[in-house]
Amino acid sequence: MLKLKGKSVYKGITTGPIIVLQKKDQQVKREKIEDPDAELKKLDIAVEESKKQLKELYDKAIKEVGEANADIFEVHQMMIEDQDYQEAIQNMIKTEQVNAEYAVAVTGDNFSEMFASMDDAYMKERAADVRDISNRLVRNLEGEQEIRLDSISPSIIVADDLTPSETVQMDKERILAFVTVHGSTNSHTAILARMMNIPALVGVKVDLNKVQSGMEAIVDGFKGEVIFGPNEDLLKETKARMKEEDEKLKLLQTLKGKENITLDGKKIDVFANIGNVGDIGYVLENDAGGIGLFRSEFLYLERNDFPTEEEQFQAYKQVVQTMAGKKVIIRTLDIGADKQVDYFNLEKEENPAMGYRAIRICLRQPDIFKTQLRALFRATMFGNLSIMYPMITATEEIERINKIVKEVEAELEAAGIPYKRPEQGIMIETPAAAMISDELAQMVDFFSIGTNDLTQYTLAIDRQNEKLDEFYNPHHKAILRMIKMVVDNAHQAGKWAGICGELGADLELTKTFLEMGVDELSVAPSMILKLRKEIRETSLS
Ligand code: PEP
Ligand code: MG
């Protein structure tokens, strides 16, 4: 039995088998080889194995996401067989007498750089694909088992850390809990765990070589501990506690259909945060009054190429239609910082959280922005859609957004495409925006306070840096005063203000937020009914 502590991200308890996701060292070593023919044979086998995997992925994608999205796996099958690419690898093995892994990695880098430097936009985007197929080939050469996260049996995922694009691939029905060595309580894995209502621990100092897939574990989000290989007594006790928790959750269900109203009659909207169209199930299940934050960048993260206007339109339309007239606030893409997408070809930055991200990308690359805006405006015809812009710091940014929005409206009108003018608001997640919120309030329809980033920038604490968790105090007076100031400024201009960062779900602050006059709290679906219970038990008088 091995018991380890970690930081709990969601208070739940579960037991089940683990799956260890261990990333091999990405650095491929150069080795001198004696027998190039044997190395070429190894390469052939790995190419065949890769083609087989890509074919399977293609067949699966066709069934699940349609031909347009599956095509990329067909392109990859062709690229892996490309004569120039194959010859470059083979020549390197023969002439330099190096191992196949190294030859593939170097050739992959060279081809990828060559594509990236091309003028043609389509060819430029192939850079990420070459990198992808080369990584697959290296994995197969090293004999690394590919763990298909979409076809596991119900398991606890144990990993070093998980990127947002890894988590989006997972079949969420089959994940019992997350345990990660790295990652902060504010990371996107943490946000996802809260969305999915499953226990998760981050910062668990587990040696991934000492635990094996298939072994049983208990994840206890209340105590913040994980136990690998628990004994029978402990398993029995855990199952009894799981039953108790289930009963409590059942009790919460009785709050469905009830108002979010304090004992003395103050009402507040409680909405849900989502990242995917597939998350709407959690929204409906938990009886949210609307969607307060749809993190649209997840539509970009799941893929190898930009989502088209039509693909985005279909996604937004489905969300607003399913919400049937309830408010749906879709945030324009917030790529950059911790959410990196290869095909955006963003340069490496010293301080990505303070770098080229979110609205800055949209204003600098208006083509990407306009495609998304057109899709959003078209979807306004199918429900109650609002648009929200992230990472605002200045009034000039709103002016630039307005100009681009006007162009989009003119284009739609010229093409005879109908739309309704949506409510448009901004996120207040930089201290700059909070400080000038009086002026910003005159220019937009609403504010939604992003406390995750607002805390990061105000306290100068990287939200991804787990070493700083002890200094990360979201209850800091500076944050609470800013929230009050933003809400007051919104109200003075006759606008509404909500909170969509994690702090909105902090039950210790619910009363404070109600007293401040916050109009809306948008939280993980799993927190909706808990928050409703807290509100209904609060009295402000
Ligand atoms: C925030 O910063 O509080 C927020 C809601 O946005 P994200 O967590 O996606 O950065
Ligand atoms: Mg943010």
# chains A, B, ... in the order shown; residues from 1 in each chain; ligands from 1
$ closest_atom_pairs --of "chain A" --to "ligand 1" --cutoff "9 Å" --atoms "only C-alpha atoms and all ligand atoms" --output "Markdown table"
| residue | atom | partner | partner_atom_place_in_ligand_line | distance |
| --- | --- | --- | --- | --- |
| A:Asn186 | CA | ligand 1 | 8 (O) | 8.0 |
| A:Ser187 | CA | ligand 1 | 8 (O) | 8.1 |
| A:His188 | CA | ligand 1 | 8 (O) | 7.4 |
| A:Ile191 | CA | ligand 1 | 8 (O) | 7.9 |
| A:Asn273 | CA | ligand 1 | 5 (C) | 8.3 |
| A:Gly275 | CA | ligand 1 | 9 (O) | 9.0 |
| A:Leu293 | CA | ligand 1 | 5 (C) | 7.4 |
| A:Arg295 | CA | ligand 1 | 9 (O) | 6.3 |
| A:Glu297 | CA | ligand 1 | 9 (O) | 8.8 |
| A:Asp334 | CA | ligand 1 | 9 (O) | 7.0 |
| A:Asp338 | CA | ligand 1 | 10 (O) | 8.9 |
| A:Pro390 | CA | ligand 1 | 6 (O) | 7.7 |
| A:Met391 | CA | ligand 1 | 2 (O) | 8.2 |
| A:Met427 | CA | ligand 1 | 4 (C) | 7.9 |
| A:Ile428 | CA | ligand 1 | 2 (O) | 8.4 |
| A:Glu429 | CA | ligand 1 | 2 (O) | 5.8 |
| A:Thr430 | CA | ligand 1 | 2 (O) | 8.7 |
| A:Ser448 | CA | ligand 1 | 5 (C) | 8.3 |
| A:Ile449 | CA | ligand 1 | 3 (O) | 6.6 |
| A:Gly450 | CA | ligand 1 | 3 (O) | 3.0 |
| A:Thr451 | CA | ligand 1 | 3 (O) | 4.0 |
| A:Asn452 | CA | ligand 1 | 3 (O) | 3.5 |
| A:Asp453 | CA | ligand 1 | 2 (O) | 3.8 |
| A:Leu454 | CA | ligand 1 | 2 (O) | 6.3 |
| A:Thr455 | CA | ligand 1 | 3 (O) | 8.1 |
| A:Gln456 | CA | ligand 1 | 2 (O) | 8.4 |
| A:Ile499 | CA | ligand 1 | 5 (C) | 8.0 |
| A:Cys500 | CA | ligand 1 | 5 (C) | 5.0 |
| A:Gly501 | CA | ligand 1 | 3 (O) | 3.5 |
| A:Glu502 | CA | ligand 1 | 3 (O) | 6.4 |
| A:Leu503 | CA | ligand 1 | 3 (O) | 8.1 |
| A:Ser522 | CA | ligand 1 | 5 (C) | 8.9 |
$ residues_around --residues "Ile268 of chain A" --least-positions-apart "3" --cutoff "10 Å" --atoms "only C-alpha atoms" --output "list in words"
Glu259, Asn260, Ile261, Thr262, Gly265, Phe271, Gly498, Phe513, Leu514, Gly517, Val518, Asp519, Glu520, Leu521, Arg532 and Ile535 of chain A
$ write_last_selection --atoms "all heavy atoms" --output "short mmCIF file (atom, residue, chain, number, x, y, z; two decimals), in the first residue's frame"
data_model
loop_
_atom_site.label_atom_id
_atom_site.label_comp_id
_atom_site.auth_asym_id
_atom_site.auth_seq_id
_atom_site.Cartn_x
_atom_site.Cartn_y
_atom_site.Cartn_z
N GLU A 259 -35.30 28.20 -7.43
CA GLU A 259 -34.64 29.48 -7.74
C GLU A 259 -33.33 29.64 -6.98
O GLU A 259 -33.15 29.07 -5.90
CB GLU A 259 -35.56 30.63 -7.33
CG GLU A 259 -36.65 30.91 -8.34
CD GLU A 259 -37.42 32.17 -7.94
OE1 GLU A 259 -37.92 32.22 -6.80
OE2 GLU A 259 -37.48 33.09 -8.76
N ASN A 260 -32.45 30.49 -7.50
CA ASN A 260 -31.24 30.86 -6.78
C ASN A 260 -31.58 32.14 -6.01
O ASN A 260 -31.37 33.24 -6.50
CB ASN A 260 -30.10 31.13 -7.75
CG ASN A 260 -29.87 29.95 -8.69
OD1 ASN A 260 -29.64 28.85 -8.23
ND2 ASN A 260 -29.99 30.19 -9.99
N ILE A 261 -32.12 31.97 -4.81
CA ILE A 261 -32.65 33.11 -4.07
C ILE A 261 -32.25 32.97 -2.59
O ILE A 261 -32.30 31.87 -2.04
CB ILE A 261 -34.19 33.18 -4.26
CG1 ILE A 261 -34.76 34.43 -3.61
CG2 ILE A 261 -34.90 31.94 -3.77
CD1 ILE A 261 -36.20 34.72 -4.03
N THR A 262 -31.84 34.09 -1.99
CA THR A 262 -31.42 34.02 -0.59
C THR A 262 -32.68 33.95 0.30
O THR A 262 -33.80 34.18 -0.18
CB THR A 262 -30.61 35.27 -0.18
OG1 THR A 262 -31.45 36.41 -0.34
CG2 THR A 262 -29.36 35.43 -1.03
N GLY A 265 -34.67 36.96 -0.04
CA GLY A 265 -35.26 37.33 -1.33
C GLY A 265 -34.34 37.91 -2.40
O GLY A 265 -34.81 38.38 -3.42
N PHE A 271 -24.95 30.31 -13.72
CA PHE A 271 -24.73 29.74 -15.04
C PHE A 271 -23.58 28.74 -15.00
O PHE A 271 -22.91 28.60 -13.98
CB PHE A 271 -24.39 30.86 -16.05
CG PHE A 271 -25.56 31.76 -16.39
CD1 PHE A 271 -25.37 32.86 -17.22
CD2 PHE A 271 -26.84 31.53 -15.89
CE1 PHE A 271 -26.43 33.71 -17.55
CE2 PHE A 271 -27.91 32.37 -16.22
CZ PHE A 271 -27.69 33.46 -17.05
N GLY A 498 -20.80 39.76 -13.94
CA GLY A 498 -20.76 38.42 -13.35
C GLY A 498 -19.33 38.00 -13.08
O GLY A 498 -18.38 38.74 -13.36
N PHE A 513 -20.14 37.97 -2.43
CA PHE A 513 -20.51 38.33 -3.81
C PHE A 513 -21.96 38.82 -3.87
O PHE A 513 -22.27 39.77 -4.60
CB PHE A 513 -20.31 37.15 -4.76
CG PHE A 513 -18.87 36.75 -4.95
CD1 PHE A 513 -18.50 35.44 -5.21
CD2 PHE A 513 -17.85 37.70 -4.88
CE1 PHE A 513 -17.17 35.08 -5.38
CE2 PHE A 513 -16.51 37.36 -5.04
CZ PHE A 513 -16.18 36.03 -5.29
N LEU A 514 -22.82 38.17 -3.10
CA LEU A 514 -24.23 38.60 -3.08
C LEU A 514 -24.32 40.02 -2.52
O LEU A 514 -25.04 40.87 -3.05
CB LEU A 514 -25.07 37.64 -2.24
CG LEU A 514 -25.42 36.30 -2.90
CD1 LEU A 514 -25.77 35.25 -1.85
CD2 LEU A 514 -26.56 36.46 -3.90
N GLY A 517 -23.43 42.67 -4.88
CA GLY A 517 -24.40 42.89 -5.95
C GLY A 517 -24.02 42.24 -7.26
O GLY A 517 -24.52 42.62 -8.33
N VAL A 518 -23.11 41.23 -7.19
CA VAL A 518 -22.74 40.50 -8.41
C VAL A 518 -24.03 39.92 -9.02
O VAL A 518 -24.88 39.39 -8.30
CB VAL A 518 -21.75 39.35 -8.06
CG1 VAL A 518 -21.49 38.46 -9.26
CG2 VAL A 518 -20.45 39.94 -7.52
N ASP A 519 -24.20 40.07 -10.34
CA ASP A 519 -25.46 39.67 -10.97
C ASP A 519 -25.50 38.21 -11.39
O ASP A 519 -26.56 37.62 -11.54
CB ASP A 519 -25.71 40.52 -12.22
CG ASP A 519 -25.77 42.00 -11.88
OD1 ASP A 519 -26.79 42.41 -11.31
OD2 ASP A 519 -24.78 42.73 -12.14
N GLU A 520 -24.30 37.65 -11.64
CA GLU A 520 -24.27 36.29 -12.18
C GLU A 520 -23.00 35.58 -11.72
O GLU A 520 -21.94 36.20 -11.63
CB GLU A 520 -24.30 36.37 -13.71
CG GLU A 520 -24.11 35.09 -14.44
CD GLU A 520 -22.84 35.05 -15.28
OE1 GLU A 520 -21.86 35.78 -14.99
OE2 GLU A 520 -22.81 34.28 -16.24
N LEU A 521 -23.13 34.29 -11.41
CA LEU A 521 -21.94 33.48 -11.11
C LEU A 521 -21.94 32.34 -12.11
O LEU A 521 -22.93 31.61 -12.23
CB LEU A 521 -22.01 32.93 -9.68
CG LEU A 521 -21.94 33.97 -8.55
CD1 LEU A 521 -22.28 33.34 -7.20
CD2 LEU A 521 -20.57 34.64 -8.49
N ARG A 532 -26.33 26.71 -5.46
CA ARG A 532 -27.75 27.04 -5.23
C ARG A 532 -28.12 26.78 -3.77
O ARG A 532 -28.80 27.59 -3.14
CB ARG A 532 -28.62 26.18 -6.16
CG ARG A 532 -30.11 26.44 -5.99
CD ARG A 532 -30.92 25.78 -7.09
NE ARG A 532 -30.55 26.30 -8.40
CZ ARG A 532 -30.87 25.71 -9.56
NH1 ARG A 532 -31.58 24.61 -9.56
NH2 ARG A 532 -30.49 26.25 -10.69
N ILE A 535 -26.69 29.59 -1.64
CA ILE A 535 -27.44 30.84 -1.81
C ILE A 535 -28.75 30.76 -1.03
O ILE A 535 -29.13 31.69 -0.32
CB ILE A 535 -27.73 31.10 -3.31
CG1 ILE A 535 -26.41 31.35 -4.07
CG2 ILE A 535 -28.69 32.28 -3.51
CD1 ILE A 535 -26.52 31.26 -5.58
#
$ residues_around --residues "segment 122-130 of chain A" --least-positions-apart "2" --cutoff "12 Å" --atoms "only C-alpha atoms" --output "ChimeraX atom specification"
/A:72-82,85-86,104-120,132-137,303-306,341-346
$ select_by_dssp --residues "segment 208-299 of chain A" --states "strand (DSSP E or B)" --output "ChimeraX atom specification"
/A:216-220,225-228,261,267,269-274,291-295
$ atom_distance --atom1 "atom CA of Trp496 of chain A" --atom2 "atom CA of Thr395 of chain A"
18.2 Å
$ select_by_dssp --residues "segment 375-500 of chain A" --states "helix (DSSP H, G or I)" --output "ChimeraX atom specification"
/A:375-382,395-414,431-435,437-443,451-458,466-471,477-492
$ write_last_selection --atoms "C-alpha atoms" --output "PDB file, in the first residue's frame"
ATOM      1  CA  ALA A 375     -19.874  31.833 -37.349  1.00  0.00           C
ATOM      2  CA  LEU A 376     -21.037  33.416 -34.081  1.00  0.00           C
ATOM      3  CA  PHE A 377     -23.205  36.061 -35.771  1.00  0.00           C
ATOM      4  CA  ARG A 378     -24.838  33.418 -37.971  1.00  0.00           C
ATOM      5  CA  ALA A 379     -25.640  31.343 -34.873  1.00  0.00           C
ATOM      6  CA  THR A 380     -27.459  34.294 -33.264  1.00  0.00           C
ATOM      7  CA  MET A 381     -30.527  33.323 -35.322  1.00  0.00           C
ATOM      8  CA  PHE A 382     -30.940  30.078 -33.387  1.00  0.00           C
ATOM      9  CA  THR A 395     -10.482  51.027 -24.553  1.00  0.00           C
ATOM     10  CA  GLU A 396      -8.607  51.093 -27.874  1.00  0.00           C
ATOM     11  CA  GLU A 397      -8.971  47.316 -28.090  1.00  0.00           C
ATOM     12  CA  ILE A 398     -12.757  47.650 -27.893  1.00  0.00           C
ATOM     13  CA  GLU A 399     -12.645  50.256 -30.651  1.00  0.00           C
ATOM     14  CA  ARG A 400     -10.627  47.889 -32.833  1.00  0.00           C
ATOM     15  CA  ILE A 401     -13.009  45.004 -32.062  1.00  0.00           C
ATOM     16  CA  ASN A 402     -16.005  47.205 -32.940  1.00  0.00           C
ATOM     17  CA  LYS A 403     -14.438  48.094 -36.276  1.00  0.00           C
ATOM     18  CA  ILE A 404     -13.890  44.431 -37.168  1.00  0.00           C
ATOM     19  CA  VAL A 405     -17.416  43.539 -35.977  1.00  0.00           C
ATOM     20  CA  LYS A 406     -18.818  46.241 -38.273  1.00  0.00           C
ATOM     21  CA  GLU A 407     -16.923  44.766 -41.231  1.00  0.00           C
ATOM     22  CA  VAL A 408     -18.308  41.314 -40.419  1.00  0.00           C
ATOM     23  CA  GLU A 409     -21.843  42.717 -40.210  1.00  0.00           C
ATOM     24  CA  ALA A 410     -21.415  44.459 -43.562  1.00  0.00           C
ATOM     25  CA  GLU A 411     -20.108  41.257 -45.167  1.00  0.00           C
ATOM     26  CA  LEU A 412     -23.025  39.227 -43.838  1.00  0.00           C
ATOM     27  CA  GLU A 413     -25.516  41.842 -45.013  1.00  0.00           C
ATOM     28  CA  ALA A 414     -23.937  41.986 -48.467  1.00  0.00           C
ATOM     29  CA  PRO A 431      -5.781  44.685 -13.415  1.00  0.00           C
ATOM     30  CA  ALA A 432      -5.731  47.293 -16.213  1.00  0.00           C
ATOM     31  CA  ALA A 433      -9.288  46.445 -17.236  1.00  0.00           C
ATOM     32  CA  ALA A 434     -10.449  46.521 -13.617  1.00  0.00           C
ATOM     33  CA  MET A 435      -8.873  49.941 -13.056  1.00  0.00           C
ATOM     34  CA  SER A 437     -13.787  49.520 -15.786  1.00  0.00           C
ATOM     35  CA  ASP A 438     -15.712  52.820 -15.460  1.00  0.00           C
ATOM     36  CA  GLU A 439     -14.726  53.743 -19.029  1.00  0.00           C
ATOM     37  CA  LEU A 440     -15.037  50.199 -20.391  1.00  0.00           C
ATOM     38  CA  ALA A 441     -18.554  49.915 -18.951  1.00  0.00           C
ATOM     39  CA  GLN A 442     -19.668  52.701 -21.299  1.00  0.00           C
ATOM     40  CA  MET A 443     -18.506  50.705 -24.323  1.00  0.00           C
ATOM     41  CA  THR A 451     -10.677  35.698 -11.471  1.00  0.00           C
ATOM     42  CA  ASN A 452      -8.182  33.018 -12.557  1.00  0.00           C
ATOM     43  CA  ASP A 453      -6.197  35.430 -14.674  1.00  0.00           C
ATOM     44  CA  LEU A 454      -7.086  38.503 -12.617  1.00  0.00           C
ATOM     45  CA  THR A 455      -5.494  36.802  -9.593  1.00  0.00           C
ATOM     46  CA  GLN A 456      -2.481  35.678 -11.622  1.00  0.00           C
ATOM     47  CA  TYR A 457      -1.780  39.179 -12.937  1.00  0.00           C
ATOM     48  CA  THR A 458      -2.628  41.047  -9.734  1.00  0.00           C
ATOM     49  CA  GLU A 466       2.625  24.709  -8.686  1.00  0.00           C
ATOM     50  CA  LYS A 467       5.538  25.918  -6.541  1.00  0.00           C
ATOM     51  CA  LEU A 468       3.637  29.106  -5.886  1.00  0.00           C
ATOM     52  CA  ASP A 469       0.354  27.590  -4.734  1.00  0.00           C
ATOM     53  CA  GLU A 470       1.071  28.607  -1.127  1.00  0.00           C
ATOM     54  CA  PHE A 471       1.284  32.270  -2.199  1.00  0.00           C
ATOM     55  CA  LYS A 477      -8.107  41.936  -0.482  1.00  0.00           C
ATOM     56  CA  ALA A 478      -6.723  43.373  -3.715  1.00  0.00           C
ATOM     57  CA  ILE A 479      -8.813  40.931  -5.740  1.00  0.00           C
ATOM     58  CA  LEU A 480     -11.972  41.385  -3.692  1.00  0.00           C
ATOM     59  CA  ARG A 481     -11.692  45.183  -3.872  1.00  0.00           C
ATOM     60  CA  MET A 482     -11.237  45.023  -7.630  1.00  0.00           C
ATOM     61  CA  ILE A 483     -14.299  42.805  -8.005  1.00  0.00           C
ATOM     62  CA  LYS A 484     -16.354  45.287  -5.970  1.00  0.00           C
ATOM     63  CA  MET A 485     -15.058  48.179  -8.042  1.00  0.00           C
ATOM     64  CA  VAL A 486     -15.849  46.427 -11.336  1.00  0.00           C
ATOM     65  CA  VAL A 487     -19.388  45.545 -10.210  1.00  0.00           C
ATOM     66  CA  ASP A 488     -20.028  49.132  -9.022  1.00  0.00           C
ATOM     67  CA  ASN A 489     -18.731  50.584 -12.290  1.00  0.00           C
ATOM     68  CA  ALA A 490     -20.878  48.224 -14.344  1.00  0.00           C
ATOM     69  CA  HIS A 491     -23.990  49.118 -12.361  1.00  0.00           C
ATOM     70  CA  GLN A 492     -23.312  52.841 -12.603  1.00  0.00           C
TER      71      GLN A 492
END
$ residues_around --residues "Leu299 of chain A" --least-positions-apart "3" --cutoff "10 Å" --atoms "only C-alpha atoms" --output "list in words"
Val168, Gly275, Asn276, Val277, Arg295, Ser296, Glu302, Arg303, Phe306, Pro307, Glu311, Gln312, Ala315 and Leu333 of chain A
$ residues_around --residues "segment 196-198 of chain A" --least-positions-apart "4" --cutoff "7 Å" --atoms "only C-alpha atoms" --output "PyMOL selection string"
chain A and resi 10+12+176-177+192+526
$ write_last_selection --atoms "all heavy atoms" --output "compact mmCIF listing (two decimals), in the first residue's frame"
# COMPACT_ATOMS: atom_id res chain seq x y z
N TYR A 10 -11.04 18.62 -6.77
CA TYR A 10 -12.49 18.44 -6.66
C TYR A 10 -12.76 17.44 -5.55
O TYR A 10 -12.15 16.37 -5.49
CB TYR A 10 -13.09 17.94 -7.99
CG TYR A 10 -14.58 17.71 -7.89
CD1 TYR A 10 -15.46 18.80 -7.94
CD2 TYR A 10 -15.10 16.44 -7.72
CE1 TYR A 10 -16.83 18.60 -7.81
CE2 TYR A 10 -16.46 16.24 -7.60
CZ TYR A 10 -17.32 17.32 -7.64
OH TYR A 10 -18.67 17.13 -7.51
N GLY A 12 -14.26 14.68 -4.11
CA GLY A 12 -15.01 13.47 -4.41
C GLY A 12 -14.14 12.30 -4.01
O GLY A 12 -12.97 12.48 -3.68
N LEU A 176 -12.37 7.86 -14.07
CA LEU A 176 -12.88 7.89 -12.70
C LEU A 176 -12.26 9.02 -11.91
O LEU A 176 -12.89 9.59 -11.02
CB LEU A 176 -12.60 6.56 -12.00
CG LEU A 176 -13.17 5.30 -12.65
CD1 LEU A 176 -12.68 4.06 -11.93
CD2 LEU A 176 -14.70 5.36 -12.64
N ALA A 177 -10.98 9.33 -12.19
CA ALA A 177 -10.28 10.38 -11.44
C ALA A 177 -8.97 10.71 -12.15
O ALA A 177 -8.51 9.95 -13.01
CB ALA A 177 -9.99 9.91 -10.02
N LEU A 192 -11.11 20.95 -15.84
CA LEU A 192 -11.82 19.84 -16.49
C LEU A 192 -12.37 18.86 -15.45
O LEU A 192 -13.51 18.41 -15.55
CB LEU A 192 -10.86 19.11 -17.43
CG LEU A 192 -11.50 18.01 -18.24
CD1 LEU A 192 -12.28 18.61 -19.40
CD2 LEU A 192 -10.49 17.03 -18.76
N SER A 526 -20.62 20.95 -12.10
CA SER A 526 -20.72 20.17 -10.86
C SER A 526 -20.96 21.05 -9.64
O SER A 526 -21.31 20.56 -8.57
CB SER A 526 -19.43 19.37 -10.65
OG SER A 526 -18.33 20.26 -10.57
$ closest_residue --among "A:Arg357, A:His475, A:Lys29, A:Arg374" --to "Pro418 of chain A" --atoms "only C-alpha atoms"
A:Arg374
$ decode --residues "segment 344-417 of chain A" --atoms "C-alpha atoms" --output "PDB file, in the first residue's frame"
ATOM      1  CA  PHE A 344      -1.129  28.646 -35.111  1.00  0.00           C
ATOM      2  CA  ASN A 345       2.668  28.542 -35.453  1.00  0.00           C
ATOM      3  CA  LEU A 346       3.145  30.863 -32.509  1.00  0.00           C
ATOM      4  CA  GLU A 347       6.712  31.718 -31.682  1.00  0.00           C
ATOM      5  CA  LYS A 348       8.176  30.501 -28.419  1.00  0.00           C
ATOM      6  CA  GLU A 349       7.968  33.249 -25.814  1.00  0.00           C
ATOM      7  CA  GLU A 350       9.751  33.945 -22.548  1.00  0.00           C
ATOM      8  CA  ASN A 351       6.493  34.799 -20.770  1.00  0.00           C
ATOM      9  CA  PRO A 352       3.594  33.284 -22.736  1.00  0.00           C
ATOM     10  CA  ALA A 353       0.971  34.217 -20.106  1.00  0.00           C
ATOM     11  CA  MET A 354       1.944  37.825 -20.697  1.00  0.00           C
ATOM     12  CA  GLY A 355       2.487  37.307 -24.376  1.00  0.00           C
ATOM     13  CA  TYR A 356       0.738  36.922 -27.668  1.00  0.00           C
ATOM     14  CA  ARG A 357      -2.602  35.420 -26.651  1.00  0.00           C
ATOM     15  CA  ALA A 358      -6.379  35.732 -26.847  1.00  0.00           C
ATOM     16  CA  ILE A 359      -7.673  39.056 -28.202  1.00  0.00           C
ATOM     17  CA  ARG A 360      -4.137  40.086 -29.160  1.00  0.00           C
ATOM     18  CA  ILE A 361      -3.997  37.253 -31.709  1.00  0.00           C
ATOM     19  CA  CYS A 362      -7.474  38.171 -32.953  1.00  0.00           C
ATOM     20  CA  LEU A 363      -6.592  41.831 -33.478  1.00  0.00           C
ATOM     21  CA  ARG A 364      -3.257  41.066 -35.136  1.00  0.00           C
ATOM     22  CA  GLN A 365      -4.675  38.235 -37.306  1.00  0.00           C
ATOM     23  CA  PRO A 366      -8.178  39.486 -38.136  1.00  0.00           C
ATOM     24  CA  ASP A 367      -8.818  36.685 -40.646  1.00  0.00           C
ATOM     25  CA  ILE A 368      -8.913  34.135 -37.835  1.00  0.00           C
ATOM     26  CA  PHE A 369     -11.075  36.487 -35.747  1.00  0.00           C
ATOM     27  CA  LYS A 370     -13.504  37.264 -38.563  1.00  0.00           C
ATOM     28  CA  THR A 371     -14.073  33.580 -39.354  1.00  0.00           C
ATOM     29  CA  GLN A 372     -15.101  33.036 -35.747  1.00  0.00           C
ATOM     30  CA  LEU A 373     -17.229  36.193 -35.603  1.00  0.00           C
ATOM     31  CA  ARG A 374     -19.085  35.265 -38.789  1.00  0.00           C
ATOM     32  CA  ALA A 375     -19.874  31.833 -37.349  1.00  0.00           C
ATOM     33  CA  LEU A 376     -21.037  33.416 -34.081  1.00  0.00           C
ATOM     34  CA  PHE A 377     -23.205  36.061 -35.771  1.00  0.00           C
ATOM     35  CA  ARG A 378     -24.838  33.418 -37.971  1.00  0.00           C
ATOM     36  CA  ALA A 379     -25.640  31.343 -34.873  1.00  0.00           C
ATOM     37  CA  THR A 380     -27.459  34.294 -33.264  1.00  0.00           C
ATOM     38  CA  MET A 381     -30.527  33.323 -35.322  1.00  0.00           C
ATOM     39  CA  PHE A 382     -30.940  30.078 -33.387  1.00  0.00           C
ATOM     40  CA  GLY A 383     -31.114  31.134 -29.752  1.00  0.00           C
ATOM     41  CA  ASN A 384     -29.929  33.566 -27.091  1.00  0.00           C
ATOM     42  CA  LEU A 385     -26.267  34.104 -27.910  1.00  0.00           C
ATOM     43  CA  SER A 386     -23.903  36.667 -26.358  1.00  0.00           C
ATOM     44  CA  ILE A 387     -20.270  37.210 -27.340  1.00  0.00           C
ATOM     45  CA  MET A 388     -17.484  37.884 -24.864  1.00  0.00           C
ATOM     46  CA  TYR A 389     -13.927  39.066 -25.587  1.00  0.00           C
ATOM     47  CA  PRO A 390     -11.011  37.858 -23.401  1.00  0.00           C
ATOM     48  CA  MET A 391      -7.873  39.565 -22.048  1.00  0.00           C
ATOM     49  CA  ILE A 392      -8.951  43.156 -22.593  1.00  0.00           C
ATOM     50  CA  THR A 393      -6.611  45.834 -21.241  1.00  0.00           C
ATOM     51  CA  ALA A 394      -7.586  49.060 -23.042  1.00  0.00           C
ATOM     52  CA  THR A 395     -10.482  51.027 -24.553  1.00  0.00           C
ATOM     53  CA  GLU A 396      -8.607  51.093 -27.874  1.00  0.00           C
ATOM     54  CA  GLU A 397      -8.971  47.316 -28.090  1.00  0.00           C
ATOM     55  CA  ILE A 398     -12.757  47.650 -27.893  1.00  0.00           C
ATOM     56  CA  GLU A 399     -12.645  50.256 -30.651  1.00  0.00           C
ATOM     57  CA  ARG A 400     -10.627  47.889 -32.833  1.00  0.00           C
ATOM     58  CA  ILE A 401     -13.009  45.004 -32.062  1.00  0.00           C
ATOM     59  CA  ASN A 402     -16.005  47.205 -32.940  1.00  0.00           C
ATOM     60  CA  LYS A 403     -14.438  48.094 -36.276  1.00  0.00           C
ATOM     61  CA  ILE A 404     -13.890  44.431 -37.168  1.00  0.00           C
ATOM     62  CA  VAL A 405     -17.416  43.539 -35.977  1.00  0.00           C
ATOM     63  CA  LYS A 406     -18.818  46.241 -38.273  1.00  0.00           C
ATOM     64  CA  GLU A 407     -16.923  44.766 -41.231  1.00  0.00           C
ATOM     65  CA  VAL A 408     -18.308  41.314 -40.419  1.00  0.00           C
ATOM     66  CA  GLU A 409     -21.843  42.717 -40.210  1.00  0.00           C
ATOM     67  CA  ALA A 410     -21.415  44.459 -43.562  1.00  0.00           C
ATOM     68  CA  GLU A 411     -20.108  41.257 -45.167  1.00  0.00           C
ATOM     69  CA  LEU A 412     -23.025  39.227 -43.838  1.00  0.00           C
ATOM     70  CA  GLU A 413     -25.516  41.842 -45.013  1.00  0.00           C
ATOM     71  CA  ALA A 414     -23.937  41.986 -48.467  1.00  0.00           C
ATOM     72  CA  ALA A 415     -24.232  38.211 -48.709  1.00  0.00           C
ATOM     73  CA  GLY A 416     -27.844  38.303 -47.501  1.00  0.00           C
ATOM     74  CA  ILE A 417     -27.024  36.176 -44.438  1.00  0.00           C
TER      75      ILE A 417
END
